[in-house]
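Q: So I've got this file, entry.cif, and it contains mmCIF, C-alpha atoms:
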```cif
data_input
loop_
_atom_site.group_PDB
_atom_site.id
_atom_site.type_symbol
_atom_site.label_atom_id
_atom_site.label_comp_id
_atom_site.auth_asym_id
_atom_site.auth_seq_id
_atom_site.Cartn_x
_atom_site.Cartn_y
_atom_site.Cartn_z
ATOM 1 C CA MET A 1 11.810 14.799 -0.263
ATOM 2 C CA LYS A 2 11.567 11.029 0.155
ATOM 3 C CA LEU A 3 8.067 9.836 -0.757
ATOM 4 C CA LEU A 4 6.682 6.315 -0.369
ATOM 5 C CA ILE A 5 3.298 5.122 -1.654
ATOM 6 C CA LEU A 6 1.740 2.229 0.259
ATOM 7 C CA ASP A 7 -1.351 0.132 -0.319
ATOM 8 C CA ARG A 8 -3.741 0.017 2.657
ATOM 9 C CA ASP A 9 -5.625 -3.284 3.017
ATOM 10 C CA GLY A 10 -3.276 -6.231 3.437
ATOM 11 C CA THR A 11 -0.246 -3.931 3.747
ATOM 12 C CA LEU A 12 -1.000 -1.641 6.692
ATOM 13 C CA ASN A 13 -4.072 -3.411 8.040
ATOM 14 C CA ARG A 14 -5.655 -6.845 7.793
ATOM 15 C CA SER A 15 -7.651 -7.293 4.616
ATOM 16 C CA ARG A 16 -11.035 -8.962 4.513
ATOM 17 C CA ASP A 17 -12.838 -10.781 1.731
ATOM 18 C CA ASP A 18 -15.989 -8.787 2.525
ATOM 19 C CA TYR A 19 -14.265 -5.343 2.736
ATOM 20 C CA VAL A 20 -13.184 -3.293 5.719
ATOM 21 C CA ALA A 21 -16.460 -1.415 6.017
ATOM 22 C CA SER A 22 -16.379 0.055 9.545
ATOM 23 C CA PRO A 23 -13.832 1.345 12.051
ATOM 24 C CA GLU A 24 -14.360 -1.788 14.145
ATOM 25 C CA GLU A 25 -13.153 -3.905 11.209
ATOM 26 C CA TRP A 26 -9.933 -1.905 10.699
ATOM 27 C CA GLU A 27 -7.108 -3.782 12.436
ATOM 28 C CA PRO A 28 -3.426 -2.988 11.853
ATOM 29 C CA LEU A 29 -1.083 -5.800 10.870
ATOM 30 C CA PRO A 30 1.458 -6.707 13.564
ATOM 31 C CA GLY A 31 4.390 -4.293 13.408
ATOM 32 C CA ALA A 32 2.949 -2.212 10.542
ATOM 33 C CA LEU A 33 2.339 0.986 12.520
ATOM 34 C CA GLU A 34 5.799 0.762 14.038
ATOM 35 C CA ALA A 35 7.258 0.281 10.547
ATOM 36 C CA VAL A 36 5.578 3.500 9.395
ATOM 37 C CA ALA A 37 6.999 5.288 12.468
ATOM 38 C CA ARG A 38 10.508 4.072 11.602
ATOM 39 C CA LEU A 39 10.057 5.215 8.007
ATOM 40 C CA ASN A 40 8.900 8.644 9.203
ATOM 41 C CA GLN A 41 11.922 8.860 11.519
ATOM 42 C CA GLY A 42 14.095 8.023 8.503
ATOM 43 C CA GLY A 43 12.697 11.050 6.656
ATOM 44 C CA TRP A 44 10.078 9.257 4.560
ATOM 45 C CA ARG A 45 6.710 10.836 3.829
ATOM 46 C CA ILE A 46 4.034 8.156 3.477
ATOM 47 C CA VAL A 47 0.965 8.340 1.238
ATOM 48 C CA LEU A 48 -1.665 5.633 0.798
ATOM 49 C CA ALA A 49 -3.177 4.662 -2.562
ATOM 50 C CA THR A 50 -6.206 2.441 -2.055
ATOM 51 C CA ASN A 51 -9.098 1.017 -4.049
ATOM 52 C CA GLN A 52 -12.313 1.338 -2.051
ATOM 53 C CA SER A 53 -14.883 -0.120 -4.427
ATOM 54 C CA GLY A 54 -17.167 -0.892 -1.467
ATOM 55 C CA ILE A 55 -18.343 2.712 -1.883
ATOM 56 C CA GLY A 56 -19.183 2.247 -5.561
ATOM 57 C CA ARG A 57 -20.865 -1.068 -4.763
ATOM 58 C CA GLY A 58 -22.996 0.561 -2.038
ATOM 59 C CA LEU A 59 -21.516 -1.551 0.788
ATOM 60 C CA PHE A 60 -20.440 1.467 2.848
ATOM 61 C CA ASP A 61 -20.396 5.237 2.443
ATOM 62 C CA MET A 62 -17.859 8.074 2.661
ATOM 63 C CA ALA A 63 -18.771 8.763 6.294
ATOM 64 C CA SER A 64 -17.805 5.172 7.166
ATOM 65 C CA LEU A 65 -14.569 5.430 5.182
ATOM 66 C CA ASN A 66 -13.724 8.717 6.914
ATOM 67 C CA ALA A 67 -14.359 7.071 10.305
ATOM 68 C CA ILE A 68 -12.085 4.147 9.339
ATOM 69 C CA HIS A 69 -9.330 6.559 8.350
ATOM 70 C CA ALA A 70 -9.805 8.619 11.524
ATOM 71 C CA LYS A 71 -9.205 5.441 13.546
ATOM 72 C CA MET A 72 -6.192 4.582 11.381
ATOM 73 C CA HIS A 73 -4.679 8.056 11.882
ATOM 74 C CA ARG A 74 -5.251 7.874 15.673
ATOM 75 C CA GLN A 75 -3.530 4.494 15.906
ATOM 76 C CA LEU A 76 -0.660 5.688 13.709
ATOM 77 C CA ALA A 77 -0.224 8.762 15.919
ATOM 78 C CA ALA A 78 -0.207 6.597 19.057
ATOM 79 C CA ALA A 79 2.686 4.649 17.486
ATOM 80 C CA GLY A 80 4.540 7.878 16.641
ATOM 81 C CA ALA A 81 3.713 7.487 12.941
ATOM 82 C CA ARG A 82 2.075 9.619 10.286
ATOM 83 C CA VAL A 83 0.496 9.103 6.885
ATOM 84 C CA GLU A 84 0.492 12.376 4.913
ATOM 85 C CA ALA A 85 -2.534 11.659 2.734
ATOM 86 C CA VAL A 86 -4.898 8.952 1.538
ATOM 87 C CA PHE A 87 -5.693 8.823 -2.171
ATOM 88 C CA MET A 88 -8.549 6.469 -2.930
ATOM 89 C CA CYS A 89 -10.647 5.237 -5.806
ATOM 90 C CA PRO A 90 -14.322 4.845 -4.809
ATOM 91 C CA HIS A 91 -15.396 3.316 -8.119
ATOM 92 C CA ALA A 92 -16.715 -0.164 -8.849
ATOM 93 C CA PRO A 93 -14.776 -2.207 -11.440
ATOM 94 C CA GLU A 94 -17.446 -1.725 -14.099
ATOM 95 C CA ASP A 95 -17.028 2.072 -13.899
ATOM 96 C CA ALA A 96 -13.821 1.743 -15.970
ATOM 97 C CA CYS A 97 -12.231 4.782 -14.315
ATOM 98 C CA ALA A 98 -8.595 5.868 -14.617
ATOM 99 C CA CYS A 99 -7.966 5.762 -10.865
ATOM 100 C CA ARG A 100 -8.867 2.168 -9.982
ATOM 101 C CA LYS A 101 -5.709 0.098 -9.641
ATOM 102 C CA PRO A 102 -4.181 -1.488 -11.736
ATOM 103 C CA ALA A 103 -4.691 1.771 -13.693
ATOM 104 C CA PRO A 104 -2.004 4.293 -12.657
ATOM 105 C CA GLY A 105 -4.349 7.241 -11.979
ATOM 106 C CA LEU A 106 -3.928 7.409 -8.188
ATOM 107 C CA PHE A 107 -0.135 7.340 -8.531
ATOM 108 C CA LEU A 108 -0.183 10.073 -11.162
ATOM 109 C CA GLN A 109 -2.380 12.194 -8.850
ATOM 110 C CA ILE A 110 0.072 11.666 -5.991
ATOM 111 C CA GLY A 111 3.078 12.581 -8.142
ATOM 112 C CA ALA A 112 1.324 15.768 -9.281
ATOM 113 C CA ARG A 113 0.161 16.744 -5.794
ATOM 114 C CA PHE A 114 3.607 16.281 -4.242
ATOM 115 C CA GLY A 115 5.550 17.551 -7.264
ATOM 116 C CA MET A 116 7.599 14.373 -7.379
ATOM 117 C CA PRO A 117 8.960 12.553 -10.421
ATOM 118 C CA LEU A 118 7.523 9.060 -9.890
ATOM 119 C CA ALA A 119 10.765 7.399 -11.024
ATOM 120 C CA THR A 120 12.181 8.466 -7.631
ATOM 121 C CA VAL A 121 9.207 7.166 -5.628
ATOM 122 C CA HIS A 122 9.050 3.714 -4.042
ATOM 123 C CA ALA A 123 5.666 1.955 -3.944
ATOM 124 C CA ALA A 124 4.933 -1.112 -1.828
ATOM 125 C CA GLY A 125 1.839 -3.241 -1.539
ATOM 126 C CA ASN A 126 0.556 -6.782 -1.189
ATOM 127 C CA ALA A 127 -1.715 -6.822 -4.243
ATOM 128 C CA MET A 128 -0.537 -7.365 -7.808
ATOM 129 C CA ARG A 129 -2.843 -4.556 -8.962
ATOM 130 C CA HIS A 130 -1.042 -2.082 -6.656
ATOM 131 C CA VAL A 131 2.372 -3.108 -7.951
ATOM 132 C CA ARG A 132 1.226 -3.073 -11.600
ATOM 133 C CA ALA A 133 -0.332 0.393 -11.179
ATOM 134 C CA ALA A 134 2.851 1.679 -9.545
ATOM 135 C CA ALA A 135 4.990 0.252 -12.355
ATOM 136 C CA ALA A 136 2.692 1.763 -15.004
ATOM 137 C CA ALA A 137 3.187 5.153 -13.325
ATOM 138 C CA GLY A 138 6.974 4.674 -13.290
ATOM 139 C CA CYS A 139 7.509 3.992 -9.558
ATOM 140 C CA ARG A 140 10.063 1.631 -8.010
ATOM 141 C CA THR A 141 7.986 -1.413 -7.099
ATOM 142 C CA HIS A 142 7.947 -3.703 -4.067
ATOM 143 C CA LEU A 143 5.661 -6.669 -3.348
ATOM 144 C CA LEU A 144 4.903 -7.491 0.291
ATOM 145 C CA MET A 145 4.095 -11.132 1.114
ATOM 146 C CA THR A 146 1.071 -10.217 3.223
ATOM 147 C CA GLY A 147 -2.642 -10.043 2.464
ATOM 148 C CA LYS A 148 -3.305 -11.083 -1.129
ATOM 149 C CA SER A 149 0.311 -12.246 -1.594
ATOM 150 C CA GLU A 150 0.705 -14.109 1.687
ATOM 151 C CA HIS A 151 0.600 -17.423 -0.229
ATOM 152 C CA LEU A 152 4.006 -16.500 -1.722
ATOM 153 C CA ARG A 153 5.715 -16.158 1.660
ATOM 154 C CA GLY A 154 8.318 -18.821 2.276
ATOM 155 C CA ARG A 155 8.285 -19.920 -1.366
ATOM 156 C CA LEU A 156 11.177 -17.704 -2.411
ATOM 157 C CA GLY A 157 14.716 -19.040 -2.326
ATOM 158 C CA SER A 158 18.030 -17.198 -2.507
ATOM 159 C CA GLY A 159 17.346 -16.130 -6.108
ATOM 160 C CA ALA A 160 14.244 -14.257 -4.930
ATOM 161 C CA ALA A 161 13.707 -12.134 -8.053
ATOM 162 C CA MET A 162 13.939 -15.155 -10.340
ATOM 163 C CA ASP A 163 11.717 -17.245 -8.056
ATOM 164 C CA LEU A 164 9.197 -14.411 -7.778
ATOM 165 C CA ALA A 165 8.979 -14.089 -11.565
ATOM 166 C CA ALA A 166 8.166 -17.811 -11.799
ATOM 167 C CA LEU A 167 5.556 -17.634 -9.007
ATOM 168 C CA ALA A 168 3.961 -14.389 -10.184
ATOM 169 C CA PRO A 169 4.569 -14.024 -13.927
ATOM 170 C CA ASP A 170 2.337 -10.931 -14.237
ATOM 171 C CA LEU A 171 4.510 -9.004 -11.766
ATOM 172 C CA PRO A 172 6.417 -6.073 -13.283
ATOM 173 C CA PRO A 173 10.131 -6.746 -13.884
ATOM 174 C CA GLY A 174 12.431 -5.385 -11.198
ATOM 175 C CA THR A 175 9.890 -5.724 -8.386
ATOM 176 C CA HIS A 176 11.565 -6.444 -5.043
ATOM 177 C CA PRO A 177 9.891 -8.995 -2.717
ATOM 178 C CA HIS A 178 9.701 -8.457 1.065
ATOM 179 C CA ASP A 179 8.061 -10.571 3.784
ATOM 180 C CA ASP A 180 6.054 -7.659 5.200
ATOM 181 C CA LEU A 181 6.088 -3.913 5.794
ATOM 182 C CA GLY A 182 8.662 -4.302 8.572
ATOM 183 C CA ALA A 183 11.073 -6.221 6.304
ATOM 184 C CA PHE A 184 10.561 -3.668 3.535
ATOM 185 C CA THR A 185 11.278 -0.875 6.042
ATOM 186 C CA ASP A 186 14.521 -2.593 7.092
ATOM 187 C CA TRP A 187 15.549 -2.853 3.431
ATOM 188 C CA LEU A 188 14.606 0.738 2.538
ATOM 189 C CA LEU A 189 16.303 2.301 5.558
ATOM 190 C CA ALA A 190 19.490 0.312 4.792
ATOM 191 C CA GLN A 191 19.773 1.736 1.252
ATOM 192 C CA PRO A 192 22.663 4.216 0.916
ATOM 193 C CA THR A 193 20.751 6.389 -1.553
ATOM 194 C CA THR A 194 17.207 6.051 -2.760
#
```
With the file now loaded, output its structure as structure tokens.
A:
Amino acid sequence: MKLLILDRDGTLNRSRDDYVASPEEWEPLPGALEAVARLNQGGWRIVLATNQSGIGRGLFDMASLNAIHAKMHRQLAAAGARVEAVFMCPHAPEDACACRKPAPGLFLQIGARFGMPLATVHAAGNAMRHVRAAAAAGCRTHLLMTGKSEHLRGRLGSGAAMDLAALAPDLPPGTHPHDDLGAFTDWLLAQPTT
């Protein structure tokens, strides 16, 4: 099985400073749904790992989150794409839980649920906390230059890994940079073995 763990906000859909709190506010990034469809066609099973502290902060409830995800799944299906599962942390930062990224709890849950050694699993997201959580769990890490990392786009030269380390010193070593989910998909599908 080929398993990929993606972040949600800023990776699959547009992120907002005030949270995506309703289905009307969930808007896919250009080309993201099509990228997931291409990954599925390439044999990849996709799982989301997402912090949703708006629940813990009382900004929206589980019914709203379920409605957001229902819309997301409908739009993915319309693009010929599928996300297998959504693992989420509903806690506020002060709850000090084990599942809120950058803690690796969500990734460990995913590895256990799918019976996958996380060293074989790729994880891609736009937020440093996603990449750090994935690295702490032992995943192969990828940073997308969208959402929270959009300011890094266009600042990487031909020595991308070295440039990335200088621009984002708290990024785990070995993290691969990609412009967006589509560019990451191109890279992943071109790999001879994963």
Q: Which residues, named as in the file, does the PyMOL selection byres ((chain A and resi 32) around 12) pick out? Answer as a PyMOL selection string.
A: chain A and resi 6-14+27-31+33-39+72+75-76+79-82+144+146+179-185
Q: So that I have them on file, write out the residues from the current selection with C-alpha atoms, as an mmCIF file, in the coordinates of the input.
A:
```cif
data_model
loop_
_atom_site.group_PDB
_atom_site.id
_atom_site.type_symbol
_atom_site.label_atom_id
_atom_site.label_comp_id
_atom_site.auth_asym_id
_atom_site.auth_seq_id
_atom_site.Cartn_x
_atom_site.Cartn_y
_atom_site.Cartn_z
ATOM 1 C CA LEU A 6 1.740 2.229 0.259
ATOM 2 C CA ASP A 7 -1.351 0.132 -0.319
ATOM 3 C CA ARG A 8 -3.741 0.017 2.657
ATOM 4 C CA ASP A 9 -5.625 -3.284 3.017
ATOM 5 C CA GLY A 10 -3.276 -6.231 3.437
ATOM 6 C CA THR A 11 -0.246 -3.931 3.747
ATOM 7 C CA LEU A 12 -1.000 -1.641 6.692
ATOM 8 C CA ASN A 13 -4.072 -3.411 8.040
ATOM 9 C CA ARG A 14 -5.655 -6.845 7.793
ATOM 10 C CA GLU A 27 -7.108 -3.782 12.436
ATOM 11 C CA PRO A 28 -3.426 -2.988 11.853
ATOM 12 C CA LEU A 29 -1.083 -5.800 10.870
ATOM 13 C CA PRO A 30 1.458 -6.707 13.564
ATOM 14 C CA GLY A 31 4.390 -4.293 13.408
ATOM 15 C CA LEU A 33 2.339 0.986 12.520
ATOM 16 C CA GLU A 34 5.799 0.762 14.038
ATOM 17 C CA ALA A 35 7.258 0.281 10.547
ATOM 18 C CA VAL A 36 5.578 3.500 9.395
ATOM 19 C CA ALA A 37 6.999 5.288 12.468
ATOM 20 C CA ARG A 38 10.508 4.072 11.602
ATOM 21 C CA LEU A 39 10.057 5.215 8.007
ATOM 22 C CA MET A 72 -6.192 4.582 11.381
ATOM 23 C CA GLN A 75 -3.530 4.494 15.906
ATOM 24 C CA LEU A 76 -0.660 5.688 13.709
ATOM 25 C CA ALA A 79 2.686 4.649 17.486
ATOM 26 C CA GLY A 80 4.540 7.878 16.641
ATOM 27 C CA ALA A 81 3.713 7.487 12.941
ATOM 28 C CA ARG A 82 2.075 9.619 10.286
ATOM 29 C CA LEU A 144 4.903 -7.491 0.291
ATOM 30 C CA THR A 146 1.071 -10.217 3.223
ATOM 31 C CA ASP A 179 8.061 -10.571 3.784
ATOM 32 C CA ASP A 180 6.054 -7.659 5.200
ATOM 33 C CA LEU A 181 6.088 -3.913 5.794
ATOM 34 C CA GLY A 182 8.662 -4.302 8.572
ATOM 35 C CA ALA A 183 11.073 -6.221 6.304
ATOM 36 C CA PHE A 184 10.561 -3.668 3.535
ATOM 37 C CA THR A 185 11.278 -0.875 6.042
#
```
Q: Given the file shown, determine the residues that the PyMOL selection byres ((chain A and resi 45-51) around 7) selects; report them as a PyMOL selection string.
A: chain A and resi 2-8+40+43-44+52-53+83-90+100-101+106
Q: Generate a file of the selected residues that holds C-alpha atoms, formatted as a PDB file, in the frame of the given file.
A:
```pdb
ATOM      1  CA  LYS A   2      11.567  11.029   0.155  1.00  0.00           C
ATOM      2  CA  LEU A   3       8.067   9.836  -0.757  1.00  0.00           C
ATOM      3  CA  LEU A   4       6.682   6.315  -0.369  1.00  0.00           C
ATOM      4  CA  ILE A   5       3.298   5.122  -1.654  1.00  0.00           C
ATOM      5  CA  LEU A   6       1.740   2.229   0.259  1.00  0.00           C
ATOM      6  CA  ASP A   7      -1.351   0.132  -0.319  1.00  0.00           C
ATOM      7  CA  ARG A   8      -3.741   0.017   2.657  1.00  0.00           C
ATOM      8  CA  ASN A  40       8.900   8.644   9.203  1.00  0.00           C
ATOM      9  CA  GLY A  43      12.697  11.050   6.656  1.00  0.00           C
ATOM     10  CA  TRP A  44      10.078   9.257   4.560  1.00  0.00           C
ATOM     11  CA  GLN A  52     -12.313   1.338  -2.051  1.00  0.00           C
ATOM     12  CA  SER A  53     -14.883  -0.120  -4.427  1.00  0.00           C
ATOM     13  CA  VAL A  83       0.496   9.103   6.885  1.00  0.00           C
ATOM     14  CA  GLU A  84       0.492  12.376   4.913  1.00  0.00           C
ATOM     15  CA  ALA A  85      -2.534  11.659   2.734  1.00  0.00           C
ATOM     16  CA  VAL A  86      -4.898   8.952   1.538  1.00  0.00           C
ATOM     17  CA  PHE A  87      -5.693   8.823  -2.171  1.00  0.00           C
ATOM     18  CA  MET A  88      -8.549   6.469  -2.930  1.00  0.00           C
ATOM     19  CA  CYS A  89     -10.647   5.237  -5.806  1.00  0.00           C
ATOM     20  CA  PRO A  90     -14.322   4.845  -4.809  1.00  0.00           C
ATOM     21  CA  ARG A 100      -8.867   2.168  -9.982  1.00  0.00           C
ATOM     22  CA  LYS A 101      -5.709   0.098  -9.641  1.00  0.00           C
ATOM     23  CA  LEU A 106      -3.928   7.409  -8.188  1.00  0.00           C
TER      24      LEU A 106
END
```
Q: Please, what distance in Å, to one decimal, runs between CA of His73 (chain A) and CA of Trp26 (chain A)?
A: 11.3 Å
Q: Let me know the residues the PyMOL selection byres ((chain A and resi 57) around 12) catches in the file above, as a PyMOL selection string.
A: chain A and resi 18-19+21+51-56+58-61+90-95
Q: Between A:Ala78, A:Ala137, A:Ser149, A:Asn126, which residue has the minimum interatomic distance to Ile110 (chain A), considering only C-alpha atoms?
A: A:Ala137
Q: Could you state the separation of CA of Arg140 (chain A) and CA of His176 (chain A) in Å, given to one decimal place?
A: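 According to the coordinates, CA of Arg140 (chain A) and CA of His176 (chain A) are separated by 8.7 Å.
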Q: Please define a box with edges along x, y and z of the file around all atoms of region 24-43 of chain A given in the file, extend it by 6 Å on each side, and return its centre and edge lengths in Å to one decimal, as JSON.
A:
```
{"center_x": -0.1, "center_y": 2.2, "center_z": 10.4, "size_x": 40.5, "size_y": 29.8, "size_z": 19.5}
```
Q: With distances taken over all atoms listed in the file, which of A:Arg153, A:Arg16, A:Lys148, A:Arg132 is nearest to Pro173 (chain A)?
A: A:Arg132
Q: Nearest to His69 (chain A) among A:Ala136, A:Val20, A:Ala119, A:Met128, with distances taken over all atoms listed in the file: which residue is it?
A: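 Of all the options, A:Val20 lies closest to His69 (chain A).
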Q: Please indicate the distance in Å from CA of Thr175 (chain A) to CA of Gly147 (chain A), rounded to one decimal place.
A: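 Computed distance, CA of Thr175 (chain A) to CA of Gly147 (chain A), equals 17.1 Å.
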